[in-house]
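Printed here is run_8.cif (mmCIF, C-alpha atoms):
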```cif
data_entry
loop_
_atom_site.label_atom_id
_atom_site.label_comp_id
_atom_site.auth_asym_id
_atom_site.auth_seq_id
_atom_site.Cartn_x
_atom_site.Cartn_y
_atom_site.Cartn_z
CA MET Q 1 51.46 230.54 201.71
CA THR Q 2 54.81 230.36 203.52
CA ASN Q 3 56.84 233.56 203.15
CA LEU Q 4 60.38 233.38 201.84
CA GLN Q 5 63.20 234.47 204.12
CA THR Q 6 66.16 236.49 202.85
CA LEU Q 7 69.28 234.45 203.57
CA SER Q 8 71.82 236.82 202.07
CA THR Q 9 72.10 240.04 200.10
CA ASN Q 10 75.52 240.70 198.66
CA GLY Q 11 75.67 243.53 196.18
CA ARG Q 12 74.19 242.10 192.98
CA CYS Q 13 72.99 238.80 194.47
CA THR Q 14 70.01 238.10 196.73
CA VAL Q 15 69.15 234.61 197.99
CA GLU Q 16 65.72 233.89 199.47
CA ALA Q 17 64.55 230.56 200.89
CA LEU Q 18 61.70 228.74 202.51
CA PRO Q 19 62.17 228.47 206.30
CA PRO Q 20 64.14 225.35 207.41
CA LEU Q 21 61.13 224.11 209.41
CA HIS Q 22 58.94 224.21 206.29
CA ILE Q 23 61.51 222.19 204.34
CA LEU Q 24 61.88 219.65 207.18
CA GLN Q 25 58.11 219.22 207.38
CA SER Q 26 57.98 218.65 203.62
CA VAL Q 27 60.65 215.95 203.94
CA GLN Q 28 58.84 214.28 206.84
CA SER Q 29 55.51 214.26 205.02
CA ALA Q 30 57.01 212.89 201.80
CA VAL Q 31 58.87 210.11 203.63
CA ARG Q 32 55.88 209.07 205.73
CA THR Q 33 53.59 208.94 202.69
CA GLY Q 34 56.10 207.27 200.39
CA LEU Q 35 57.38 204.54 202.70
CA SER Q 36 53.82 203.70 203.83
CA ALA Q 37 52.73 203.21 200.22
CA HIS Q 38 52.65 199.92 198.31
CA PRO Q 39 54.96 199.74 196.47
CA LYS Q 40 57.29 201.98 198.45
CA GLN Q 41 58.52 205.16 196.78
CA LEU Q 42 60.27 208.41 197.62
CA PRO Q 43 60.27 211.67 195.62
CA PRO Q 44 63.49 212.44 193.73
CA PHE Q 45 64.01 215.82 195.41
CA LEU Q 46 65.24 213.86 198.44
CA LEU Q 47 68.28 212.80 196.42
CA TYR Q 48 69.60 216.36 196.37
CA ASP Q 49 71.08 217.20 199.74
CA HIS Q 50 74.58 218.70 199.73
CA ARG Q 51 76.38 215.41 199.07
CA GLY Q 52 73.72 214.25 196.61
CA SER Q 53 74.03 217.46 194.60
CA ASN Q 54 77.80 217.05 194.43
CA LEU Q 55 77.47 213.42 193.38
CA PHE Q 56 75.06 214.42 190.63
CA GLU Q 57 77.58 216.95 189.32
CA GLU Q 58 80.07 214.07 189.20
CA ILE Q 59 77.53 211.91 187.34
CA CYS Q 60 77.18 214.63 184.71
CA ARG Q 61 80.89 214.21 183.86
CA LEU Q 62 80.78 210.41 183.50
CA PRO Q 63 81.32 208.88 180.04
CA GLU Q 64 78.04 206.94 180.28
CA TYR Q 65 75.99 210.04 181.09
CA TYR Q 66 75.49 211.44 177.60
CA LEU Q 67 72.69 213.86 178.57
CA THR Q 68 74.76 216.80 179.84
CA ARG Q 69 77.35 216.97 177.07
CA THR Q 70 74.72 216.36 174.37
CA GLU Q 71 72.47 219.15 175.60
CA GLN Q 72 75.49 221.43 176.00
CA SER Q 73 76.51 220.87 172.38
CA ILE Q 74 72.98 221.77 171.22
CA LEU Q 75 72.97 224.93 173.36
CA GLU Q 76 76.31 226.07 171.97
CA ARG Q 77 75.05 225.64 168.43
CA CYS Q 78 71.69 227.37 168.79
CA ALA Q 79 72.43 230.03 171.44
CA PRO Q 80 72.71 232.93 168.93
CA GLU Q 81 69.34 232.02 167.42
CA LEU Q 82 67.76 231.74 170.86
CA VAL Q 83 69.10 235.05 172.11
CA ALA Q 84 67.61 236.81 169.08
CA ARG Q 85 64.18 236.03 170.59
CA PHE Q 86 65.04 237.48 174.00
CA SER Q 87 64.34 241.06 175.07
CA ARG Q 88 67.31 243.23 176.01
CA ASP Q 89 66.10 243.51 179.62
CA MET Q 90 64.67 240.18 180.72
CA ASP Q 91 64.53 237.65 183.54
CA LEU Q 92 66.27 234.33 182.95
CA VAL Q 93 64.40 231.95 185.27
CA GLU Q 94 66.00 228.53 185.74
CA PHE Q 95 64.49 225.57 187.58
CA GLY Q 96 66.89 223.01 189.03
CA SER Q 97 69.83 225.22 188.18
CA GLY Q 98 72.47 223.19 190.04
CA SER Q 99 75.94 224.55 189.25
CA SER Q 100 74.55 226.58 186.29
CA ILE Q 101 77.22 225.27 183.91
CA LYS Q 102 74.99 225.22 180.84
CA THR Q 103 73.46 228.55 181.82
CA ARG Q 104 76.81 230.20 181.15
CA THR Q 105 76.43 229.43 177.44
CA LEU Q 106 73.28 231.54 177.32
CA LEU Q 107 74.72 234.25 179.56
CA ASP Q 108 77.77 234.56 177.30
CA ALA Q 109 75.52 234.93 174.26
CA LEU Q 110 73.26 237.42 176.03
CA PHE Q 111 76.01 239.73 177.24
CA SER Q 112 77.87 239.59 173.92
CA ASN Q 113 74.69 240.81 172.21
CA GLY Q 114 74.06 243.71 174.57
CA HIS Q 115 71.42 242.10 176.79
CA ARG Q 116 71.18 242.83 180.51
CA PRO Q 117 69.45 239.82 182.06
CA THR Q 118 68.52 239.24 185.68
CA TYR Q 119 69.20 235.62 186.57
CA ARG Q 120 66.55 233.98 188.79
CA PRO Q 121 67.57 230.40 189.66
CA VAL Q 122 65.27 228.14 191.67
CA ASP Q 123 66.85 225.08 193.31
CA ILE Q 124 66.12 222.88 196.32
CA SER Q 125 69.79 222.77 197.40
CA HIS Q 126 70.87 225.87 199.31
CA THR Q 127 74.57 224.93 199.31
CA MET Q 128 74.64 224.31 195.56
CA LEU Q 129 72.69 227.49 194.80
CA ASN Q 130 74.89 229.59 197.06
CA ALA Q 131 78.06 228.23 195.42
CA SER Q 132 76.80 228.73 191.87
CA THR Q 133 75.49 232.26 192.40
CA THR Q 134 78.72 233.33 194.13
CA ALA Q 135 80.70 232.07 191.13
CA LEU Q 136 78.39 233.74 188.60
CA VAL Q 137 78.54 237.14 190.30
CA SER Q 138 82.31 236.94 190.10
CA GLU Q 139 82.36 235.84 186.46
CA TYR Q 140 79.74 238.31 185.15
CA PRO Q 141 80.29 241.80 186.60
CA GLU Q 142 77.01 243.15 185.19
CA LEU Q 143 74.78 240.22 186.19
CA MET Q 144 72.01 240.70 188.78
CA ILE Q 145 70.85 237.53 190.58
CA LYS Q 146 67.70 236.91 192.60
CA ALA Q 147 67.87 233.28 193.73
CA ILE Q 148 65.19 231.21 195.43
CA VAL Q 149 65.85 228.08 197.53
CA SER Q 150 62.59 226.14 197.32
CA ASP Q 151 60.62 223.57 195.40
CA TYR Q 152 59.56 224.50 191.88
CA GLY Q 153 55.94 225.21 192.79
CA ARG Q 154 56.79 227.81 195.41
CA GLY Q 155 59.40 229.32 193.14
CA LEU Q 156 56.84 229.67 190.36
CA GLU Q 157 54.43 231.47 192.68
CA GLU Q 158 57.08 234.02 193.53
CA ILE Q 159 58.32 234.59 189.99
CA SER Q 160 54.82 234.85 188.47
CA ARG Q 161 54.38 238.15 190.32
CA GLN Q 162 56.85 239.80 187.94
CA ARG Q 163 54.91 240.92 184.89
CA GLU Q 164 56.87 243.90 183.56
CA ARG Q 165 59.84 242.22 181.85
CA GLN Q 166 60.08 239.26 179.52
CA LYS Q 167 60.61 235.99 181.35
CA VAL Q 168 62.58 233.20 179.71
CA PHE Q 169 62.10 230.00 181.71
CA LEU Q 170 64.85 227.37 181.56
CA PHE Q 171 64.18 223.76 182.45
CA LEU Q 172 67.22 221.91 181.19
CA GLY Q 173 68.85 218.52 181.75
CA SER Q 174 65.62 216.61 181.07
CA ASN Q 175 64.52 217.35 184.65
CA LEU Q 176 60.93 217.29 183.41
CA GLY Q 177 61.40 213.53 183.05
CA ASN Q 178 61.49 213.14 186.84
CA PHE Q 179 57.78 214.00 186.95
CA THR Q 180 54.96 211.59 186.30
CA PRO Q 181 52.95 212.60 183.20
CA LEU Q 182 50.30 214.21 185.41
CA GLU Q 183 52.93 216.07 187.44
CA ALA Q 184 54.61 217.21 184.22
CA VAL Q 185 51.34 218.66 182.92
CA ASP Q 186 50.76 220.39 186.28
CA PHE Q 187 54.24 221.91 186.23
CA LEU Q 188 53.96 223.07 182.62
CA ALA Q 189 50.50 224.49 183.32
CA GLY Q 190 52.01 226.43 186.22
CA VAL Q 191 54.63 227.87 183.89
CA ARG Q 192 51.88 228.76 181.42
CA ARG Q 193 49.97 230.66 184.12
CA ALA Q 194 53.13 232.59 184.97
CA MET Q 195 53.67 233.58 181.32
CA THR Q 196 52.64 236.91 179.87
CA GLY Q 197 53.28 238.64 176.56
CA ASP Q 198 56.33 237.23 174.83
CA ASP Q 199 57.53 234.93 177.63
CA LEU Q 200 59.22 231.67 176.56
CA LEU Q 201 60.13 228.28 178.00
CA LEU Q 202 63.37 226.61 176.90
CA LEU Q 203 62.88 222.94 177.71
CA GLY Q 204 65.46 220.17 177.41
CA VAL Q 205 64.14 216.60 177.15
CA ASP Q 206 65.82 213.25 176.68
CA LEU Q 207 64.51 211.21 173.76
CA VAL Q 208 63.64 207.53 173.50
CA LYS Q 209 66.67 205.54 172.32
CA PRO Q 210 68.19 202.03 172.55
CA LEU Q 211 68.44 200.60 176.07
CA ALA Q 212 72.13 199.90 175.50
CA VAL Q 213 72.62 203.68 175.63
CA LEU Q 214 69.93 204.54 178.18
CA LEU Q 215 70.56 202.12 181.03
CA PRO Q 216 74.32 202.65 181.56
CA ALA Q 217 73.64 206.36 182.01
CA TYR Q 218 71.87 205.44 185.27
CA ASP Q 219 74.11 202.54 186.30
CA ASP Q 220 77.68 203.62 185.56
CA ALA Q 221 80.66 201.32 185.88
CA ALA Q 222 82.31 203.46 188.59
CA GLY Q 223 79.26 203.18 190.85
CA VAL Q 224 78.73 206.93 191.23
CA THR Q 225 75.00 206.72 190.48
CA ALA Q 226 74.65 203.86 192.98
CA ALA Q 227 76.30 206.05 195.64
CA PHE Q 228 73.98 208.93 194.64
CA ASN Q 229 70.94 206.68 195.08
CA ARG Q 230 72.04 205.21 198.43
CA ASN Q 231 72.89 208.67 199.74
CA LEU Q 232 69.15 209.25 200.04
CA LEU Q 233 69.16 206.74 202.92
CA VAL Q 234 72.12 208.52 204.52
CA ARG Q 235 70.08 211.72 204.41
CA LEU Q 236 67.10 210.05 206.12
CA ASN Q 237 69.41 208.71 208.82
CA ARG Q 238 70.77 212.21 209.44
CA GLU Q 239 67.57 214.24 209.23
CA LEU Q 240 65.00 211.79 210.62
CA GLY Q 241 67.14 209.71 212.98
CA ALA Q 242 66.50 206.61 210.84
CA ASP Q 243 68.63 203.46 211.08
CA PHE Q 244 68.88 202.50 207.41
CA ARG Q 245 71.98 200.48 206.53
CA PRO Q 246 72.70 201.77 203.02
CA GLU Q 247 75.03 198.84 202.33
CA CYS Q 248 72.02 196.53 202.72
CA PHE Q 249 70.24 198.12 199.76
CA ARG Q 250 71.18 197.40 196.14
CA HIS Q 251 71.01 200.02 193.39
CA GLU Q 252 68.72 198.77 190.61
CA VAL Q 253 67.89 200.31 187.24
CA ARG Q 254 64.88 199.24 185.17
CA TRP Q 255 63.21 200.26 181.92
CA ASN Q 256 59.44 200.72 182.24
CA GLN Q 257 58.16 200.25 178.71
CA GLU Q 258 54.58 201.19 179.60
CA VAL Q 259 55.48 204.73 180.69
CA GLN Q 260 58.72 205.06 178.66
CA ALA Q 261 60.92 205.70 181.68
CA VAL Q 262 64.16 204.58 183.27
CA GLU Q 263 63.50 203.85 186.95
CA MET Q 264 65.95 203.85 189.84
CA HIS Q 265 65.23 201.60 192.83
CA LEU Q 266 66.87 200.64 196.10
CA ALA Q 267 66.33 196.91 196.66
CA SER Q 268 66.53 195.37 200.12
CA GLU Q 269 69.20 192.67 200.28
CA GLY Q 270 67.21 190.76 202.90
CA ASP Q 271 64.30 190.96 205.34
CA GLN Q 272 64.80 193.95 207.61
CA LEU Q 273 63.04 196.46 209.87
CA VAL Q 274 63.89 200.17 209.72
CA SER Q 275 62.95 202.75 212.35
CA LEU Q 276 62.42 206.46 211.67
CA PRO Q 277 61.97 207.97 215.17
CA ALA Q 278 61.46 211.57 214.02
CA ILE Q 279 58.18 210.60 212.34
CA ASP Q 280 57.35 207.72 214.70
CA LEU Q 281 57.47 205.14 211.91
CA LYS Q 282 58.76 201.58 211.57
CA ILE Q 283 58.93 200.05 208.11
CA SER Q 284 59.58 196.41 207.27
CA PHE Q 285 61.24 195.25 204.06
CA LEU Q 286 61.12 191.82 202.48
CA ALA Q 287 64.17 190.53 200.63
CA GLY Q 288 64.12 192.04 197.16
CA GLU Q 289 61.50 194.66 198.01
CA THR Q 290 62.36 198.07 196.59
CA ILE Q 291 61.98 201.77 197.16
CA HIS Q 292 61.33 203.52 193.85
CA THR Q 293 63.47 206.67 194.12
CA GLU Q 294 63.41 208.24 190.66
CA SER Q 295 61.87 207.97 187.21
CA SER Q 296 63.44 209.54 184.12
CA HIS Q 297 60.80 209.68 181.41
CA LYS Q 298 61.93 209.72 177.80
CA TYR Q 299 60.02 211.46 175.05
CA THR Q 300 59.26 211.54 171.36
CA SER Q 301 58.34 214.71 169.50
CA ALA Q 302 54.72 213.52 169.51
CA SER Q 303 54.56 212.73 173.24
CA LEU Q 304 56.17 216.07 174.14
CA ALA Q 305 53.77 217.96 171.88
CA GLN Q 306 50.82 216.23 173.55
CA LEU Q 307 52.13 217.02 177.03
CA CYS Q 308 52.54 220.68 176.13
CA ALA Q 309 49.11 220.88 174.53
CA GLU Q 310 47.49 219.62 177.73
CA ALA Q 311 49.19 222.48 179.59
CA GLY Q 312 48.18 225.19 177.10
CA LEU Q 313 51.60 225.34 175.45
CA ALA Q 314 53.08 224.52 172.05
CA VAL Q 315 56.51 223.62 170.69
CA GLU Q 316 57.54 226.46 168.36
CA ARG Q 317 61.01 225.17 167.51
CA SER Q 318 63.11 222.13 168.38
CA TRP Q 319 66.85 221.46 168.07
CA SER Q 320 68.53 218.06 168.38
CA ASP Q 321 71.93 216.41 168.04
CA PRO Q 322 73.06 214.34 165.02
CA GLN Q 323 72.12 211.08 166.78
CA ASN Q 324 68.71 212.45 167.82
CA TRP Q 325 69.37 211.54 171.44
CA PHE Q 326 68.25 214.80 173.05
CA ALA Q 327 66.04 217.75 172.15
CA LEU Q 328 66.07 221.39 173.18
CA ASN Q 329 62.67 222.96 172.64
CA MET Q 330 61.36 226.51 172.50
CA ILE Q 331 57.90 226.43 174.08
CA VAL Q 332 55.31 229.20 173.77
CA PRO Q 333 51.70 229.70 174.88
CA SER Q 334 49.31 228.00 172.47
#
```

Hey, can you dump this file as structure tokens for me?
Amino acid sequence: MTNLQTLSTNGRCTVEALPPLHILQSVQSAVRTGLSAHPKQLPPFLLYDHRGSNLFEEICRLPEYYLTRTEQSILERCAPELVARFSRDMDLVEFGSGSSIKTRTLLDALFSNGHRPTYRPVDISHTMLNASTTALVSEYPELMIKAIVSDYGRGLEEISRQRERQKVFLFLGSNLGNFTPLEAVDFLAGVRRAMTGDDLLLLGVDLVKPLAVLLPAYDDAAGVTAAFNRNLLVRLNRELGADFRPECFRHEVRWNQEVQAVEMHLASEGDQLVSLPAIDLKISFLAGETIHTESSHKYTSASLAQLCAEAGLAVERSWSDPQNWFALNMIVPS
């Protein structure tokens, strides 16, 4: 197991990370495997370099992207009820924390009710995590932060060692939907193994709804999501010396009825050959051929319950919005 390195310790905030070489090797392996596959695909974590993370924050503010504001409204409504289940001294563990905007709703409720949480965000983007933790330390004078820059699996390994305090896991924004069903079960099972006593998982999931609402959320009129998708190629050019021409790839959004997911693709505008010298790889594209870059699975109460059951978990309570577009779920060991 690769040891985490301490990047910074500043009073109440500690940031640890996987070594840069480990991260680079993970990128190289994922790109080699994904672009050599048929059909071609790349894992969604590659979308979140510094620029990609900032573009995603912009996406969250778009009128078409209902997910963030809908989940936020649910959190604001149910936060007092949630906090009543939390221990006074507890660890708030968040996966894919990003700028931690929604987390502030819970922190406000916790501190106003006399809780003293330690915040433990896990995110793949060092720049985003550093910015968000710096802001939180300033905003909450009593907050302790122990942040981890890594993938979720490595973060779970580290956090599972803490067994003394209650752990409340946060996985918001319907990030679970980026996993395949098998990957989702594996992740949830990992959370279950890390749970002890009265630990909880607060899980936000996007629900199945009309395509007229779903598809524009991933193909906005301003083209921000298209820029977010193409930025993946810019990252490969920078980190692997590739010669992708992002303008020669078209952003495409599809609904996959079989797996109940919105898919993002990058479609080649013509026949072309791309070189990736850092991994000694040349990849040819036919006109119209795509790279599948992200899936966003949508759920029903039944499909989520089944997923949790396979991981040894159960939905204790669920909150939704008036339109039933999104659900926030309290998950416990079954």

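With all atoms listed in the file as the atoms that count, the residue of Q:Glu263, Q:Glu57, Q:Glu71, Q:Glu64 with the shortest distance to Thr180 in chain Q is Q:Glu263.
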
May I have the protein, DNA and RNA residues with any atom at most 12 Å from the point (51.8, 213.9, 175.4), counting only C-alpha atoms, written as a short mmCIF file (atom, residue, chain, number, x, y, z; two decimals) with C-alpha atoms, in the coordinates of the input?
```
data_model
loop_
_atom_site.label_atom_id
_atom_site.label_comp_id
_atom_site.auth_asym_id
_atom_site.auth_seq_id
_atom_site.Cartn_x
_atom_site.Cartn_y
_atom_site.Cartn_z
CA THR Q 180 54.96 211.59 186.30
CA PRO Q 181 52.95 212.60 183.20
CA LEU Q 182 50.30 214.21 185.41
CA ALA Q 184 54.61 217.21 184.22
CA VAL Q 185 51.34 218.66 182.92
CA LEU Q 188 53.96 223.07 182.62
CA VAL Q 259 55.48 204.73 180.69
CA GLN Q 260 58.72 205.06 178.66
CA HIS Q 297 60.80 209.68 181.41
CA LYS Q 298 61.93 209.72 177.80
CA TYR Q 299 60.02 211.46 175.05
CA THR Q 300 59.26 211.54 171.36
CA SER Q 301 58.34 214.71 169.50
CA ALA Q 302 54.72 213.52 169.51
CA SER Q 303 54.56 212.73 173.24
CA LEU Q 304 56.17 216.07 174.14
CA ALA Q 305 53.77 217.96 171.88
CA GLN Q 306 50.82 216.23 173.55
CA LEU Q 307 52.13 217.02 177.03
CA CYS Q 308 52.54 220.68 176.13
CA ALA Q 309 49.11 220.88 174.53
CA GLU Q 310 47.49 219.62 177.73
CA ALA Q 311 49.19 222.48 179.59
CA GLY Q 312 48.18 225.19 177.10
CA LEU Q 313 51.60 225.34 175.45
CA ALA Q 314 53.08 224.52 172.05
CA VAL Q 315 56.51 223.62 170.69
#
```

> Could you pull the residues within 12 Å of Met128 in chain Q, counting all atoms listed in the file, minus those fewer than 6 positions along the same chain, as a VMD selection string?
Replying inline: chain Q and resid 15 48 to 57 96 to 101 121 to 122 134 to 135 147 to 149

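Across Q:Thr127, Q:Thr33, Q:Gln162, Q:Ser320, the tightest approach to Asp199 in chain Q is made by Q:Gln162 when counting all atoms listed in the file.
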
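Restricting the calculation to only C-alpha atoms, the smallest distance between Met195 in chain Q and any of Q:Ile159, Q:Cys248, Q:Leu176, Q:Ile124 is found for Q:Ile159.
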
> Can you find the residues with an atom no farther than 10 Å from (71.9, 241.4, 177.1), counting only C-alpha atoms, and report them as a count of residues only?
Replying inline: 21

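Comparing the minimum interatomic distances between Val224 in chain Q and each of Q:Ala37, Q:Glu316, Q:Asn10, Q:Leu62, counting all atoms listed in the file, we find that Q:Leu62 sits nearest.
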
> Where does the PyMOL selection byres ((chain Q and resi 198) around 12) land in this file, that is, which residues does it pick, as a ChimeraX atom specification?
Replying inline: /Q:85-87,90-91,163-169,192,194-197,199-201,331-334

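Each of Q:Glu139, Q:Leu47, Q:Val208, Q:Arg104 was checked against Asn229 in chain Q using all atoms listed in the file; the smallest atom-to-atom distance is that of Q:Leu47.
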
> Of the residues Q:Ala30, Q:Cys60, Q:Arg230, Q:Leu202, which is the one nearest to Ile279 in chain Q, using all atoms listed in the file?
Replying inline: Q:Ala30

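Distance-wise, CA of Glu247 in chain Q and CA of Thr225 in chain Q end up 14.2 Å apart.
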
> Could you state the separation of CA of Leu24 in chain Q and CA of Leu4 in chain Q in Å, given to one decimal place?
Replying inline: 14.8 Å

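The interatomic distance for the pair CA of Ala217 in chain Q and CA of Gln41 in chain Q works out to 21.2 Å.
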
Your completed range 194-215 of chain Q with N, CA and C atoms, as a PDB file, keeping the file's coordinate frame:
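Written output follows (out-v2.pdb):
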```
ATOM      1  N   ALA Q 194      52.165 231.534 184.625  1.00  0.00           N
ATOM      2  CA  ALA Q 194      53.130 232.590 184.970  1.00  0.00           C
ATOM      3  C   ALA Q 194      53.565 233.397 183.756  1.00  0.00           C
ATOM      4  N   MET Q 195      53.236 232.919 182.559  1.00  0.00           N
ATOM      5  CA  MET Q 195      53.670 233.580 181.320  1.00  0.00           C
ATOM      6  C   MET Q 195      52.760 234.753 180.970  1.00  0.00           C
ATOM      7  N   THR Q 196      53.381 235.800 180.451  1.00  0.00           N
ATOM      8  CA  THR Q 196      52.640 236.910 179.870  1.00  0.00           C
ATOM      9  C   THR Q 196      53.378 237.347 178.606  1.00  0.00           C
ATOM     10  N   GLY Q 197      52.664 238.035 177.738  1.00  0.00           N
ATOM     11  CA  GLY Q 197      53.280 238.640 176.560  1.00  0.00           C
ATOM     12  C   GLY Q 197      54.131 237.679 175.762  1.00  0.00           C
ATOM     13  N   ASP Q 198      55.424 238.013 175.661  1.00  0.00           N
ATOM     14  CA  ASP Q 198      56.330 237.230 174.830  1.00  0.00           C
ATOM     15  C   ASP Q 198      57.223 236.307 175.654  1.00  0.00           C
ATOM     16  N   ASP Q 199      56.751 235.857 176.806  1.00  0.00           N
ATOM     17  CA  ASP Q 199      57.530 234.930 177.630  1.00  0.00           C
ATOM     18  C   ASP Q 199      57.726 233.602 176.896  1.00  0.00           C
ATOM     19  N   LEU Q 200      58.852 232.929 177.210  1.00  0.00           N
ATOM     20  CA  LEU Q 200      59.220 231.670 176.560  1.00  0.00           C
ATOM     21  C   LEU Q 200      59.648 230.646 177.592  1.00  0.00           C
ATOM     22  N   LEU Q 201      59.571 229.380 177.210  1.00  0.00           N
ATOM     23  CA  LEU Q 201      60.130 228.280 178.000  1.00  0.00           C
ATOM     24  C   LEU Q 201      61.121 227.533 177.118  1.00  0.00           C
ATOM     25  N   LEU Q 202      62.356 227.415 177.596  1.00  0.00           N
ATOM     26  CA  LEU Q 202      63.370 226.610 176.900  1.00  0.00           C
ATOM     27  C   LEU Q 202      63.483 225.299 177.661  1.00  0.00           C
ATOM     28  N   LEU Q 203      63.036 224.220 177.043  1.00  0.00           N
ATOM     29  CA  LEU Q 203      62.880 222.940 177.710  1.00  0.00           C
ATOM     30  C   LEU Q 203      63.758 221.871 177.081  1.00  0.00           C
ATOM     31  N   GLY Q 204      64.639 221.267 177.879  1.00  0.00           N
ATOM     32  CA  GLY Q 204      65.460 220.170 177.410  1.00  0.00           C
ATOM     33  C   GLY Q 204      64.845 218.835 177.805  1.00  0.00           C
ATOM     34  N   VAL Q 205      64.701 217.922 176.851  1.00  0.00           N
ATOM     35  CA  VAL Q 205      64.140 216.600 177.150  1.00  0.00           C
ATOM     36  C   VAL Q 205      65.003 215.517 176.503  1.00  0.00           C
ATOM     37  N   ASP Q 206      65.104 214.405 177.207  1.00  0.00           N
ATOM     38  CA  ASP Q 206      65.820 213.250 176.680  1.00  0.00           C
ATOM     39  C   ASP Q 206      64.858 212.434 175.824  1.00  0.00           C
ATOM     40  N   LEU Q 207      65.358 211.922 174.717  1.00  0.00           N
ATOM     41  CA  LEU Q 207      64.510 211.210 173.760  1.00  0.00           C
ATOM     42  C   LEU Q 207      64.641 209.701 173.918  1.00  0.00           C
ATOM     43  N   VAL Q 208      63.618 208.982 173.497  1.00  0.00           N
ATOM     44  CA  VAL Q 208      63.640 207.530 173.500  1.00  0.00           C
ATOM     45  C   VAL Q 208      64.767 207.045 172.590  1.00  0.00           C
ATOM     46  N   LYS Q 209      65.516 206.048 173.063  1.00  0.00           N
ATOM     47  CA  LYS Q 209      66.670 205.540 172.320  1.00  0.00           C
ATOM     48  C   LYS Q 209      66.949 204.105 172.762  1.00  0.00           C
ATOM     49  N   PRO Q 210      67.908 203.423 172.164  1.00  0.00           N
ATOM     50  CA  PRO Q 210      68.190 202.030 172.550  1.00  0.00           C
ATOM     51  C   PRO Q 210      68.583 201.915 174.027  1.00  0.00           C
ATOM     52  N   LEU Q 211      68.149 200.818 174.651  1.00  0.00           N
ATOM     53  CA  LEU Q 211      68.440 200.600 176.070  1.00  0.00           C
ATOM     54  C   LEU Q 211      69.936 200.458 176.321  1.00  0.00           C
ATOM     55  N   ALA Q 212      70.685 200.035 175.329  1.00  0.00           N
ATOM     56  CA  ALA Q 212      72.130 199.900 175.500  1.00  0.00           C
ATOM     57  C   ALA Q 212      72.789 201.250 175.754  1.00  0.00           C
ATOM     58  N   VAL Q 213      72.134 202.336 175.348  1.00  0.00           N
ATOM     59  CA  VAL Q 213      72.620 203.680 175.630  1.00  0.00           C
ATOM     60  C   VAL Q 213      71.976 204.228 176.897  1.00  0.00           C
ATOM     61  N   LEU Q 214      70.685 203.983 177.059  1.00  0.00           N
ATOM     62  CA  LEU Q 214      69.930 204.540 178.180  1.00  0.00           C
ATOM     63  C   LEU Q 214      70.375 204.013 179.546  1.00  0.00           C
ATOM     64  N   LEU Q 215      70.381 202.697 179.700  1.00  0.00           N
ATOM     65  CA  LEU Q 215      70.560 202.120 181.030  1.00  0.00           C
ATOM     66  C   LEU Q 215      71.917 202.410 181.666  1.00  0.00           C
TER      67      LEU Q 215
END
```
